[in-house]
Every structure is written in structure tokens, then in C-alpha cells.
file protein_32.cif (mmCIF, C-alpha atoms)
data_upload
#
loop_
_atom_site.label_atom_id
_atom_site.label_comp_id
_atom_site.auth_asym_id
_atom_site.auth_seq_id
_atom_site.Cartn_x
_atom_site.Cartn_y
_atom_site.Cartn_z
CA MET A 448 -20.14 2.25 -12.30
CA PRO A 449 -16.86 2.76 -10.39
CA VAL A 450 -17.10 4.20 -6.90
CA ARG A 451 -15.29 7.47 -6.22
CA ALA A 452 -12.80 7.57 -3.38
CA PHE A 453 -10.61 10.38 -2.12
CA ILE A 454 -7.31 9.05 -0.83
CA ASP A 455 -5.58 10.66 2.14
CA SER A 456 -1.84 11.18 1.79
CA ASP A 457 -0.93 8.62 4.47
CA VAL A 458 -2.48 5.92 2.30
CA ILE A 459 -0.55 7.08 -0.78
CA ILE A 460 2.73 7.07 1.16
CA ALA A 461 1.97 3.62 2.62
CA SER A 462 1.37 2.33 -0.91
CA LEU A 463 4.84 3.54 -1.95
CA ILE A 464 6.46 1.74 0.99
CA SER A 465 4.74 -1.65 0.73
CA GLN A 466 3.64 -3.36 -2.48
CA THR A 467 1.67 -5.96 -0.55
CA GLY A 468 -0.05 -3.65 1.91
CA ALA A 469 -3.75 -2.80 1.67
CA SER A 470 -2.99 0.70 0.34
CA HIS A 471 -1.16 -0.67 -2.67
CA LEU A 472 -3.92 -3.23 -3.33
CA LEU A 473 -6.31 -0.33 -4.04
CA TYR A 474 -4.50 0.21 -7.35
CA ASN A 475 -5.40 -3.32 -8.47
CA ASN A 476 -9.07 -2.39 -8.48
CA THR A 477 -9.18 0.67 -10.73
CA SER A 478 -11.99 -0.84 -12.80
CA GLN A 479 -14.18 -0.69 -9.69
CA ILE A 480 -12.87 2.44 -7.99
CA THR A 481 -11.72 5.88 -9.16
CA LEU A 482 -9.06 7.36 -6.88
CA TYR A 483 -8.68 11.08 -6.22
CA ILE A 484 -6.21 13.40 -4.53
CA SER A 485 -6.16 17.20 -4.60
CA ASN A 486 -3.58 19.72 -5.76
CA VAL A 487 -2.96 20.51 -2.06
CA SER A 488 -2.40 16.87 -1.13
CA HIS A 489 -0.17 16.52 -4.21
CA LYS A 490 2.03 19.30 -2.85
CA GLU A 491 2.25 17.76 0.63
CA LEU A 492 2.94 14.29 -0.83
CA GLU A 493 6.02 15.59 -2.63
CA LYS A 494 7.31 17.11 0.60
CA VAL A 495 6.64 14.01 2.71
CA VAL A 496 8.16 11.68 0.11
CA GLY A 497 11.28 13.85 0.17
CA ARG A 498 11.47 13.84 3.97
CA LEU A 499 11.04 10.06 4.14
CA ASN A 500 13.64 9.51 1.37
CA LEU A 501 11.16 7.68 -0.81
CA ASP A 502 11.17 7.67 -4.61
CA LEU A 503 9.67 10.88 -6.04
CA HIS A 504 9.61 9.35 -9.53
CA LYS A 505 7.50 6.48 -8.19
CA LEU A 506 5.05 8.98 -6.70
CA ALA A 507 4.88 10.93 -9.96
CA ALA A 508 4.29 7.74 -11.95
CA ARG A 509 1.60 6.63 -9.51
CA ILE A 510 -0.20 9.97 -9.75
CA GLN A 511 0.00 10.03 -13.52
CA SER A 512 -1.19 6.46 -14.03
CA THR A 513 -3.82 5.91 -11.36
CA LEU A 514 -4.83 9.05 -9.49
CA HIS A 515 -7.07 11.93 -10.54
CA VAL A 516 -6.02 15.33 -9.16
CA ILE A 517 -8.82 17.66 -8.09
CA GLN A 518 -7.98 21.39 -8.11
CA LEU A 519 -9.03 23.23 -4.96
CA ALA A 520 -9.53 26.94 -5.66
CA GLN A 521 -9.71 28.11 -2.04
CA THR A 522 -6.72 29.14 0.06
CA ILE A 523 -5.63 26.92 2.93
CA ALA A 524 -7.03 29.46 5.40
CA GLU A 525 -10.42 29.44 3.65
CA ILE A 526 -10.46 25.65 3.57
CA LYS A 527 -9.63 25.40 7.28
CA LYS A 528 -12.47 27.78 8.13
CA ALA A 529 -14.99 26.05 5.85
CA TYR A 530 -14.26 22.51 6.99
CA GLN A 531 -13.19 22.92 10.61
CA ASP A 532 -16.27 21.07 11.88
CA TYR A 533 -15.36 17.94 9.93
CA VAL A 534 -11.91 17.43 11.40
CA THR A 535 -10.39 17.22 14.87
CA ASP A 536 -7.20 18.82 13.54
CA GLN A 537 -7.68 21.78 11.16
CA ASP A 538 -4.49 20.88 9.29
CA ASP A 539 -6.44 17.94 7.82
CA ALA A 540 -9.29 20.13 6.50
CA HIS A 541 -8.00 20.13 2.90
CA ILE A 542 -8.57 16.37 2.75
CA VAL A 543 -12.26 16.88 3.45
CA ALA A 544 -12.31 19.72 0.91
CA GLY A 545 -10.77 17.40 -1.67
CA ALA A 546 -13.21 14.58 -0.92
CA LYS A 547 -16.15 16.94 -1.29
CA ALA A 548 -14.80 18.48 -4.49
CA ALA A 549 -14.29 14.98 -5.92
CA ASN A 550 -17.86 14.06 -5.02
CA ALA A 551 -16.35 11.05 -3.33
CA GLN A 552 -18.34 8.27 -1.74
CA PHE A 553 -15.37 7.27 0.43
CA LEU A 554 -12.59 9.12 2.19
CA VAL A 555 -9.83 6.54 2.56
CA THR A 556 -7.37 7.12 5.38
CA TYR A 557 -5.52 5.47 8.26
CA ASN A 558 -5.95 8.67 10.25
CA ILE A 559 -9.55 7.89 11.18
CA LYS A 560 -9.49 9.74 14.47
CA HIS A 561 -8.69 13.07 12.79
CA PHE A 562 -12.03 13.16 10.96
CA VAL A 563 -15.60 13.49 12.26
CA ALA A 564 -17.14 10.45 10.59
CA ASN A 565 -20.80 11.01 11.41
CA LYS A 566 -20.74 14.63 10.20
CA LEU A 567 -18.99 13.67 6.96
CA LYS A 568 -21.69 11.09 6.35
CA GLN A 569 -24.55 13.35 7.39
CA ASP A 570 -23.55 16.49 5.47
CA PHE A 571 -21.64 15.16 2.46
CA SER A 572 -22.61 11.46 2.28
CA ILE A 573 -18.91 10.63 2.55
CA ILE A 574 -18.01 7.40 4.34
CA LEU A 575 -14.75 7.34 6.27
CA VAL A 576 -12.89 4.05 5.76
CA THR A 577 -9.48 2.41 5.88
CA PRO A 578 -8.05 0.89 2.66
CA ALA A 579 -8.90 -2.66 3.80
CA ASN A 580 -12.51 -1.67 4.49
CA VAL A 581 -13.02 -0.28 1.01
CA LEU A 582 -11.36 -3.34 -0.53
CA GLN A 583 -13.77 -5.54 1.46
CA TYR A 584 -16.66 -3.42 0.20
CA LEU A 585 -15.51 -3.83 -3.42
CA ARG A 586 -15.42 -7.63 -2.99
CA SER A 587 -19.05 -7.61 -1.97
CA ARG A 588 -20.32 -5.61 -4.94
CA MET B 651 9.08 -32.12 37.29
CA PHE B 652 10.09 -33.19 33.77
CA CYS B 653 6.46 -34.21 33.04
CA LEU B 654 5.26 -30.76 34.13
CA VAL B 655 7.74 -28.99 31.84
CA TRP B 656 6.88 -31.30 28.93
CA TYR B 657 3.12 -30.74 29.54
CA LYS B 658 3.60 -26.96 29.52
CA LEU B 659 5.62 -27.13 26.29
CA ILE B 660 2.92 -29.23 24.56
CA MET B 661 0.12 -26.92 25.74
CA LYS B 662 2.04 -23.79 24.65
CA ASP B 663 2.54 -25.34 21.19
CA ASN B 664 -1.17 -26.19 20.99
CA LEU B 665 -2.14 -22.64 21.89
CA THR B 666 -0.42 -21.33 18.74
CA TYR B 667 -2.58 -23.61 16.55
CA GLN B 668 -5.49 -21.88 14.92
CA LYS B 669 -8.98 -22.59 16.28
CA THR B 670 -11.24 -24.64 13.99
CA TYR B 671 -15.01 -24.86 13.72
CA THR B 672 -17.52 -27.44 12.57
CA PRO B 673 -19.87 -26.62 9.68
CA ALA B 674 -22.72 -26.46 12.19
CA GLN B 675 -20.88 -23.88 14.29
CA VAL B 676 -20.09 -21.77 11.21
CA ALA B 677 -23.71 -22.03 10.06
CA ALA B 678 -24.85 -20.67 13.43
CA MET B 679 -22.30 -17.83 13.32
CA LEU B 680 -23.26 -16.82 9.78
CA GLN B 681 -26.97 -17.47 10.30
CA LEU B 682 -27.00 -19.84 7.35
CA SER B 683 -28.18 -23.42 7.00
CA LYS B 684 -25.64 -26.22 7.35
CA ASN B 685 -26.35 -27.19 3.72
CA THR B 686 -25.47 -23.68 2.59
CA VAL B 687 -22.18 -23.89 4.48
CA TYR B 688 -21.39 -27.24 2.82
CA GLY B 689 -22.22 -25.60 -0.51
CA LEU B 690 -19.81 -22.75 0.23
CA ILE B 691 -17.13 -25.28 1.15
CA ASN B 692 -17.69 -27.17 -2.13
CA ARG B 693 -17.44 -23.93 -4.13
CA GLY B 694 -14.26 -22.93 -2.29
CA GLU B 695 -15.83 -19.84 -0.76
CA ILE B 696 -15.10 -21.28 2.67
CA ILE B 697 -11.80 -23.17 2.88
CA ALA B 698 -12.14 -26.31 5.00
CA LYS B 699 -10.19 -29.47 5.70
CA ARG B 700 -11.88 -32.81 5.30
CA ILE B 701 -10.74 -35.20 8.03
CA GLY B 702 -12.28 -38.61 7.40
CA LYS B 703 -15.99 -37.94 7.06
CA VAL B 704 -16.07 -34.55 8.75
CA TYR B 705 -14.99 -31.02 7.84
CA ARG B 706 -13.16 -28.61 10.04
CA ILE B 707 -13.02 -24.91 9.15
CA PRO B 708 -10.09 -22.80 10.37
CA ALA B 709 -10.83 -19.39 11.89
CA SER B 710 -8.89 -17.74 9.05
CA SER B 711 -11.52 -18.98 6.55
CA ILE B 712 -14.17 -16.94 8.33
CA ALA B 713 -11.91 -14.14 9.57
CA PHE B 714 -14.43 -11.52 8.52
CA VAL B 715 -16.82 -12.77 11.23
CA PHE B 716 -14.26 -11.71 13.86
CA THR B 717 -12.61 -8.69 12.20
CA GLY B 718 -15.02 -7.56 9.49
CA LEU B 719 -12.27 -8.27 6.94
CA ASP B 720 -11.17 -11.27 4.92
CA ASP B 721 -7.98 -12.81 6.29
CA ASP B 722 -5.74 -11.59 3.45
CA LEU B 723 -6.97 -8.02 3.95
CA VAL B 724 -6.25 -8.24 7.69
CA LYS B 725 -2.66 -9.19 6.84
CA ALA B 726 -2.39 -6.51 4.13
CA GLN B 727 -3.63 -3.89 6.59
CA GLN B 728 -1.12 -5.05 9.21
CA GLN B 729 1.67 -4.56 6.67
CA ASP B 730 0.67 -0.94 6.16
CA LEU B 731 0.25 -0.31 9.88
CA GLU B 732 3.85 -1.33 10.60
CA GLY B 733 5.12 1.92 9.14
CA ILE B 734 2.14 4.18 9.63
CA ASN B 735 3.35 6.05 12.72
CA ALA B 736 6.42 7.39 10.92
CA ILE B 737 4.24 8.42 7.97
CA GLU B 738 1.69 10.22 10.17
CA LYS B 739 4.46 12.03 12.04
CA GLU B 740 6.03 13.48 8.87
CA LEU B 741 2.65 14.22 7.35
CA ALA B 742 1.58 16.16 10.44
CA ARG B 743 4.77 18.25 10.25
CA VAL B 744 4.28 19.04 6.56
CA ARG B 745 0.58 19.84 6.98
CA ALA B 746 1.26 22.24 9.82
CA GLY B 747 3.49 24.20 7.47
CA LEU B 748 1.21 24.34 4.41
#

call {"tool": "encode", "arguments": {"input": "protein_32.cif", "output": "C-alpha cells"}}
result
Amino acid sequence: MPVRAFIDSDVIIASLISQTGASHLLYNNTSQITLYISNVSHKELEKVVGRLNLDLHKLAARIQSTLHVIQLAQTIAEIKKAYQDYVTDQDDAHIVAGAKAANAQFLVTYNIKHFVANKLKQDFSIILVTPANVLQYLRSR
Amino acid sequence: MFCLVWYKLIMKDNLTYQKTYTPAQVAAMLQLSKNTVYGLINRGEIIAKRIGKVYRIPASSIAFVFTGLDDDLVKAQQQDLEGINAIEKELARVRAGL
């Protein structure tokens, strides 16, 4: 059974920039891992891709072909309040909300220090990892 | 003086060579038997170089012992990390405005 992983936006952007980086390698393992983003992270991805002059079509194609989009019903303010204990920066709260809504086993990010790893594990059984860590895990299954 | 300069050049070149280990050393590190390590070498799970009658195993073959990651994943991660600061900066700006 594939593992479920919620992917932070920094990992998605990194995968658009480098085809040989660890972020991009995640997409080669879709038989073992199901990748999620949320409607909120979809919105921010489009903005960041625009600001970094990356290819919006490439992002759209990536989302359509490999990523599952979870819909978060709460407002940003509600999400920040509900998940403030799981992040060191409240602006990142929607990532935790998305990981929880996706029932993810892993939250994949390079922004490790912005999340409270032990509380994520304790309360939601979500493991905070970098892309290379989850790839290493998949090799050992 | 020339000998000193030549010596320093040789040593500096040697320092860039990757460290290698014997099967016995790798067995101790991995808490496996030497026979198991030879088996892993034969199956290609540990890449080693046979020199005469002995094997030497480069550090990259057992990179995960030092980094927790296979060598290719260390390199793949490094590729991503080259541009990550710029990504995080723009992401932080966008998130603050959501």
C-alpha cells in the first residue's frame, strides 16, 4: 500500500528547478507514495512560480499528473488558530492542516525548523522529513 | 625548499582522495559478520574494489553510515539545497500575504 505524503511548497518549487534533485526524484516513486498538496498551497505555488519566473504550465502539468489536491474548508485565520502549536511561524499552519486533512504519514519539506516535529508525531502521527529522507525510507520497504 | 613544496602538493592531492575501508572495518560499523559483508559485495549491494586478493570499500559505498542517506540521495539533496534559500524567501513573502 502506498504511503501518503503531504508535500510542502518549497519541495514542489525545488522539483521544478532541478530534474535531478531529491524533490524531483519523489515523482519517480508514485507506485510507492501518494503525494498531496492543498488548495491553499496550490494558490501559493502559482504565486511563487510567477515571482521566480518559473514555468506555470510545468507546475499545472505536475499537479495534474502526480499530485492530489486536498480541499481545506477553513479560512486562513481559522487554520492559523487551529494549528499554531504545530508551527514556529503561523504562516506555515496551512501545511499542517493539509497534511492532517490528507491523513498523511509524512510531511515533506526543506523548512524543517518551521514545524514542531515531536508534536506533529505525537498528535497526528505525522513524521517530518526532507525529500531525501523519505526516498531513503522507500528504498528500505 | 622544493622538496617541502612538492611534499605539500602530494599530501594535499591525497587529502582529496576518498577514504576506504576494509571489509572487517565495514562489518564492525554495520554490526554484521565479515561473511555477510563479502556477500553484500558479491551481490553489488556494497560497491568495492578488489586489489589483488583484498577488497577496499570507498566511504561513498556506505555513505548512509555517516549521513543516514545513500550517496546518490546526498548528492540529490545537495542539488536542491543550492537554490532553496531563494525559494524559501519568496515562499515566506507569499505566505505572509495569503

call {"tool": "closest_residue", "arguments": {"input": "protein_32.cif", "among": "A:Ile523, A:Leu554, A:Ala508, A:Ala452", "to": "chain B", "atoms": "all atoms listed in the file"}}
result
A:Ile523

call {"tool": "resolve_selection", "arguments": {"input": "protein_32.cif", "expression": "the PyMOL selection byres ((chain A) within 7 of (chain B))", "output": "ChimeraX atom specification"}}
result
/A:457,461,465,467-469,491,494-495,538,579,583

call {"tool": "write_last_selection", "arguments": {"input": "protein_32.cif", "atoms": "C-alpha atoms", "output": "PDB file, in the coordinates of the input"}}
result
ATOM      1  CA  ASP A 457      -0.930   8.620   4.470  1.00  0.00           C
ATOM      2  CA  ALA A 461       1.970   3.620   2.620  1.00  0.00           C
ATOM      3  CA  SER A 465       4.740  -1.650   0.730  1.00  0.00           C
ATOM      4  CA  THR A 467       1.670  -5.960  -0.550  1.00  0.00           C
ATOM      5  CA  GLY A 468      -0.050  -3.650   1.910  1.00  0.00           C
ATOM      6  CA  ALA A 469      -3.750  -2.800   1.670  1.00  0.00           C
ATOM      7  CA  GLU A 491       2.250  17.760   0.630  1.00  0.00           C
ATOM      8  CA  LYS A 494       7.310  17.110   0.600  1.00  0.00           C
ATOM      9  CA  VAL A 495       6.640  14.010   2.710  1.00  0.00           C
ATOM     10  CA  ASP A 538      -4.490  20.880   9.290  1.00  0.00           C
ATOM     11  CA  ALA A 579      -8.900  -2.660   3.800  1.00  0.00           C
ATOM     12  CA  GLN A 583     -13.770  -5.540   1.460  1.00  0.00           C
TER      13      GLN A 583
END

call {"tool": "atom_distance", "arguments": {"input": "protein_32.cif", "atom1": "CA of Met448 (chain A)", "atom2": "CA of Val581 (chain A)"}}
result
15.3 Å

call {"tool": "resolve_selection", "arguments": {"input": "protein_32.cif", "expression": "the PyMOL selection byres ((chain A and resi 547) around 12)", "output": "PyMOL selection string"}}
result
chain A and resi 451-454+483-485+517-519+526+529-530+533+540-546+548-554+567-568+570-574

call {"tool": "atom_distance", "arguments": {"input": "protein_32.cif", "atom1": "CA of Ala677 (chain B)", "atom2": "CA of Leu690 (chain B)"}}
result
10.6 Å

call {"tool": "residues_around", "arguments": {"input": "protein_32.cif", "residues": "Val704 (chain B)", "least_positions_apart": "4", "cutoff": "9 Å", "atoms": "only C-alpha atoms", "output": "ChimeraX atom specification"}}
result
/B:672-673,699-700

call {"tool": "write_last_selection", "arguments": {"input": "protein_32.cif", "atoms": "C-alpha atoms", "output": "CSV table (one decimal), keeping the file's coordinate frame"}}
result
chain,number,residue,atom,x,y,z
B,672,THR,CA,-17.5,-27.4,12.6
B,673,PRO,CA,-19.9,-26.6,9.7
B,699,LYS,CA,-10.2,-29.5,5.7
B,700,ARG,CA,-11.9,-32.8,5.3

call {"tool": "atom_distance", "arguments": {"input": "protein_32.cif", "atom1": "CA of Ile460 (chain A)", "atom2": "CA of Ala520 (chain A)"}}
result
24.3 Å

call {"tool": "residues_near_point", "arguments": {"input": "protein_32.cif", "point": "(-15.2, 10.0, 11.6)", "cutoff": "8 Å", "atoms": "only C-alpha atoms", "output": "PDB file with C-alpha atoms, in the frame of the given file"}}
result
ATOM      1  CA  ILE A 559      -9.550   7.890  11.180  1.00  0.00           C
ATOM      2  CA  LYS A 560      -9.490   9.740  14.470  1.00  0.00           C
ATOM      3  CA  HIS A 561      -8.690  13.070  12.790  1.00  0.00           C
ATOM      4  CA  PHE A 562     -12.030  13.160  10.960  1.00  0.00           C
ATOM      5  CA  VAL A 563     -15.600  13.490  12.260  1.00  0.00           C
ATOM      6  CA  ALA A 564     -17.140  10.450  10.590  1.00  0.00           C
ATOM      7  CA  ASN A 565     -20.800  11.010  11.410  1.00  0.00           C
ATOM      8  CA  LYS A 566     -20.740  14.630  10.200  1.00  0.00           C
ATOM      9  CA  LEU A 567     -18.990  13.670   6.960  1.00  0.00           C
ATOM     10  CA  LEU A 575     -14.750   7.340   6.270  1.00  0.00           C
TER      11      LEU A 575
END

call {"tool": "axis_aligned_box", "arguments": {"input": "protein_32.cif", "around": "region 474-484 of chain A", "padding_each_side": "6 Å", "output": "JSON"}}
result
{"center_x": -9.3, "center_y": 5.0, "center_z": -8.7, "size_x": 21.7, "size_y": 28.7, "size_z": 20.3}

call {"tool": "residues_around", "arguments": {"input": "protein_32.cif", "residues": "Thr556 (chain A)", "least_positions_apart": "2", "cutoff": "6 Å", "atoms": "all atoms listed in the file", "output": "short mmCIF file (atom, residue, chain, number, x, y, z; two decimals) with C-alpha atoms, keeping the file's coordinate frame"}}
result
data_model
loop_
_atom_site.label_atom_id
_atom_site.label_comp_id
_atom_site.auth_asym_id
_atom_site.auth_seq_id
_atom_site.Cartn_x
_atom_site.Cartn_y
_atom_site.Cartn_z
CA ASP A 455 -5.58 10.66 2.14
CA VAL A 458 -2.48 5.92 2.30
CA ASN A 558 -5.95 8.67 10.25
CA THR A 577 -9.48 2.41 5.88
#

call {"tool": "residues_near_point", "arguments": {"input": "protein_32.cif", "point": "(-9.1, 0.0, -7.1)", "cutoff": "10 Å", "atoms": "only C-alpha atoms", "output": "compact mmCIF listing (two decimals) with C-alpha atoms, in the frame of the given file"}}
result
# COMPACT_ATOMS: atom_id res chain seq x y z
CA PRO A 449 -16.86 2.76 -10.39
CA VAL A 450 -17.10 4.20 -6.90
CA ARG A 451 -15.29 7.47 -6.22
CA ALA A 452 -12.80 7.57 -3.38
CA SER A 470 -2.99 0.70 0.34
CA HIS A 471 -1.16 -0.67 -2.67
CA LEU A 472 -3.92 -3.23 -3.33
CA LEU A 473 -6.31 -0.33 -4.04
CA TYR A 474 -4.50 0.21 -7.35
CA ASN A 475 -5.40 -3.32 -8.47
CA ASN A 476 -9.07 -2.39 -8.48
CA THR A 477 -9.18 0.67 -10.73
CA SER A 478 -11.99 -0.84 -12.80
CA GLN A 479 -14.18 -0.69 -9.69
CA ILE A 480 -12.87 2.44 -7.99
CA THR A 481 -11.72 5.88 -9.16
CA LEU A 482 -9.06 7.36 -6.88
CA THR A 513 -3.82 5.91 -11.36
CA PRO A 578 -8.05 0.89 2.66
CA VAL A 581 -13.02 -0.28 1.01
CA LEU A 582 -11.36 -3.34 -0.53
CA LEU A 585 -15.51 -3.83 -3.42

call {"tool": "residues_around", "arguments": {"input": "protein_32.cif", "residues": "Tyr671 (chain B)", "least_positions_apart": "2", "cutoff": "7 Å", "atoms": "all atoms listed in the file", "output": "PyMOL selection string"}}
result
chain B and resi 669+673+675-676+706-708

call {"tool": "write_last_selection", "arguments": {"input": "protein_32.cif", "atoms": "C-alpha atoms", "output": "compact mmCIF listing (two decimals), keeping the file's coordinate frame"}}
result
# COMPACT_ATOMS: atom_id res chain seq x y z
CA LYS B 669 -8.98 -22.59 16.28
CA PRO B 673 -19.87 -26.62 9.68
CA GLN B 675 -20.88 -23.88 14.29
CA VAL B 676 -20.09 -21.77 11.21
CA ARG B 706 -13.16 -28.61 10.04
CA ILE B 707 -13.02 -24.91 9.15
CA PRO B 708 -10.09 -22.80 10.37

call {"tool": "build_atoms", "arguments": {"input": "protein_32.cif", "residues": "region 714-741 of chain B", "atoms": "N, CA and C atoms", "output": "tab-separated table (two decimals), in the frame of the given file"}}
result
chain	number	residue	atom	x	y	z
B	714	PHE	N	-13.59	-12.72	8.57
B	714	PHE	CA	-14.43	-11.52	8.52
B	714	PHE	C	-15.48	-11.51	9.62
B	715	VAL	N	-15.85	-12.71	10.13
B	715	VAL	CA	-16.82	-12.77	11.23
B	715	VAL	C	-16.23	-12.10	12.48
B	716	PHE	N	-14.91	-12.23	12.65
B	716	PHE	CA	-14.26	-11.71	13.86
B	716	PHE	C	-13.72	-10.30	13.66
B	717	THR	N	-13.30	-9.98	12.43
B	717	THR	CA	-12.61	-8.69	12.20
B	717	THR	C	-13.35	-7.79	11.22
B	718	GLY	N	-14.35	-8.34	10.53
B	718	GLY	CA	-15.02	-7.56	9.49
B	718	GLY	C	-14.25	-7.56	8.18
B	719	LEU	N	-13.10	-8.25	8.14
B	719	LEU	CA	-12.27	-8.27	6.94
B	719	LEU	C	-11.86	-9.71	6.62
B	720	ASP	N	-11.74	-10.00	5.32
B	720	ASP	CA	-11.17	-11.27	4.92
B	720	ASP	C	-9.73	-11.36	5.44
B	721	ASP	N	-9.27	-12.59	5.64
B	721	ASP	CA	-7.98	-12.81	6.29
B	721	ASP	C	-6.83	-12.13	5.54
B	722	ASP	N	-6.86	-12.19	4.20
B	722	ASP	CA	-5.74	-11.59	3.45
B	722	ASP	C	-5.73	-10.07	3.61
B	723	LEU	N	-6.91	-9.48	3.77
B	723	LEU	CA	-6.97	-8.02	3.95
B	723	LEU	C	-6.52	-7.63	5.36
B	724	VAL	N	-6.77	-8.49	6.33
B	724	VAL	CA	-6.25	-8.24	7.69
B	724	VAL	C	-4.73	-8.16	7.64
B	725	LYS	N	-4.14	-9.14	6.93
B	725	LYS	CA	-2.66	-9.19	6.84
B	725	LYS	C	-2.14	-8.00	6.04
B	726	ALA	N	-2.83	-7.65	4.96
B	726	ALA	CA	-2.39	-6.51	4.13
B	726	ALA	C	-2.45	-5.22	4.95
B	727	GLN	N	-3.50	-5.08	5.74
B	727	GLN	CA	-3.63	-3.89	6.59
B	727	GLN	C	-2.50	-3.85	7.62
B	728	GLN	N	-2.19	-4.99	8.21
B	728	GLN	CA	-1.12	-5.05	9.21
B	728	GLN	C	0.21	-4.61	8.61
B	729	GLN	N	0.44	-4.97	7.35
B	729	GLN	CA	1.67	-4.56	6.67
B	729	GLN	C	1.78	-3.04	6.61
B	730	ASP	N	0.68	-2.42	6.23
B	730	ASP	CA	0.67	-0.94	6.16
B	730	ASP	C	0.88	-0.34	7.55
B	731	LEU	N	0.24	-0.91	8.54
B	731	LEU	CA	0.25	-0.31	9.88
B	731	LEU	C	1.62	-0.36	10.53
B	732	GLU	N	2.49	-1.24	10.03
B	732	GLU	CA	3.85	-1.33	10.60
B	732	GLU	C	4.59	-0.01	10.47
B	733	GLY	N	4.36	0.68	9.36
B	733	GLY	CA	5.12	1.92	9.14
B	733	GLY	C	4.30	3.18	9.29
B	734	ILE	N	3.05	3.04	9.71
B	734	ILE	CA	2.14	4.18	9.63
B	734	ILE	C	2.49	5.32	10.58
B	735	ASN	N	3.05	4.99	11.74
B	735	ASN	CA	3.35	6.05	12.72
B	735	ASN	C	4.37	7.04	12.17
B	736	ALA	N	5.39	6.52	11.51
B	736	ALA	CA	6.42	7.39	10.92
B	736	ALA	C	5.81	8.26	9.82
B	737	ILE	N	4.91	7.67	9.04
B	737	ILE	CA	4.24	8.42	7.97
B	737	ILE	C	3.40	9.55	8.56
B	738	GLU	N	2.60	9.22	9.57
B	738	GLU	CA	1.69	10.22	10.17
B	738	GLU	C	2.49	11.37	10.80
B	739	LYS	N	3.62	11.01	11.38
B	739	LYS	CA	4.46	12.03	12.04
B	739	LYS	C	4.96	13.05	11.01
B	740	GLU	N	5.51	12.57	9.90
B	740	GLU	CA	6.03	13.48	8.87
B	740	GLU	C	4.90	14.24	8.20
B	741	LEU	N	3.79	13.58	7.99
B	741	LEU	CA	2.65	14.22	7.35
B	741	LEU	C	2.13	15.36	8.22
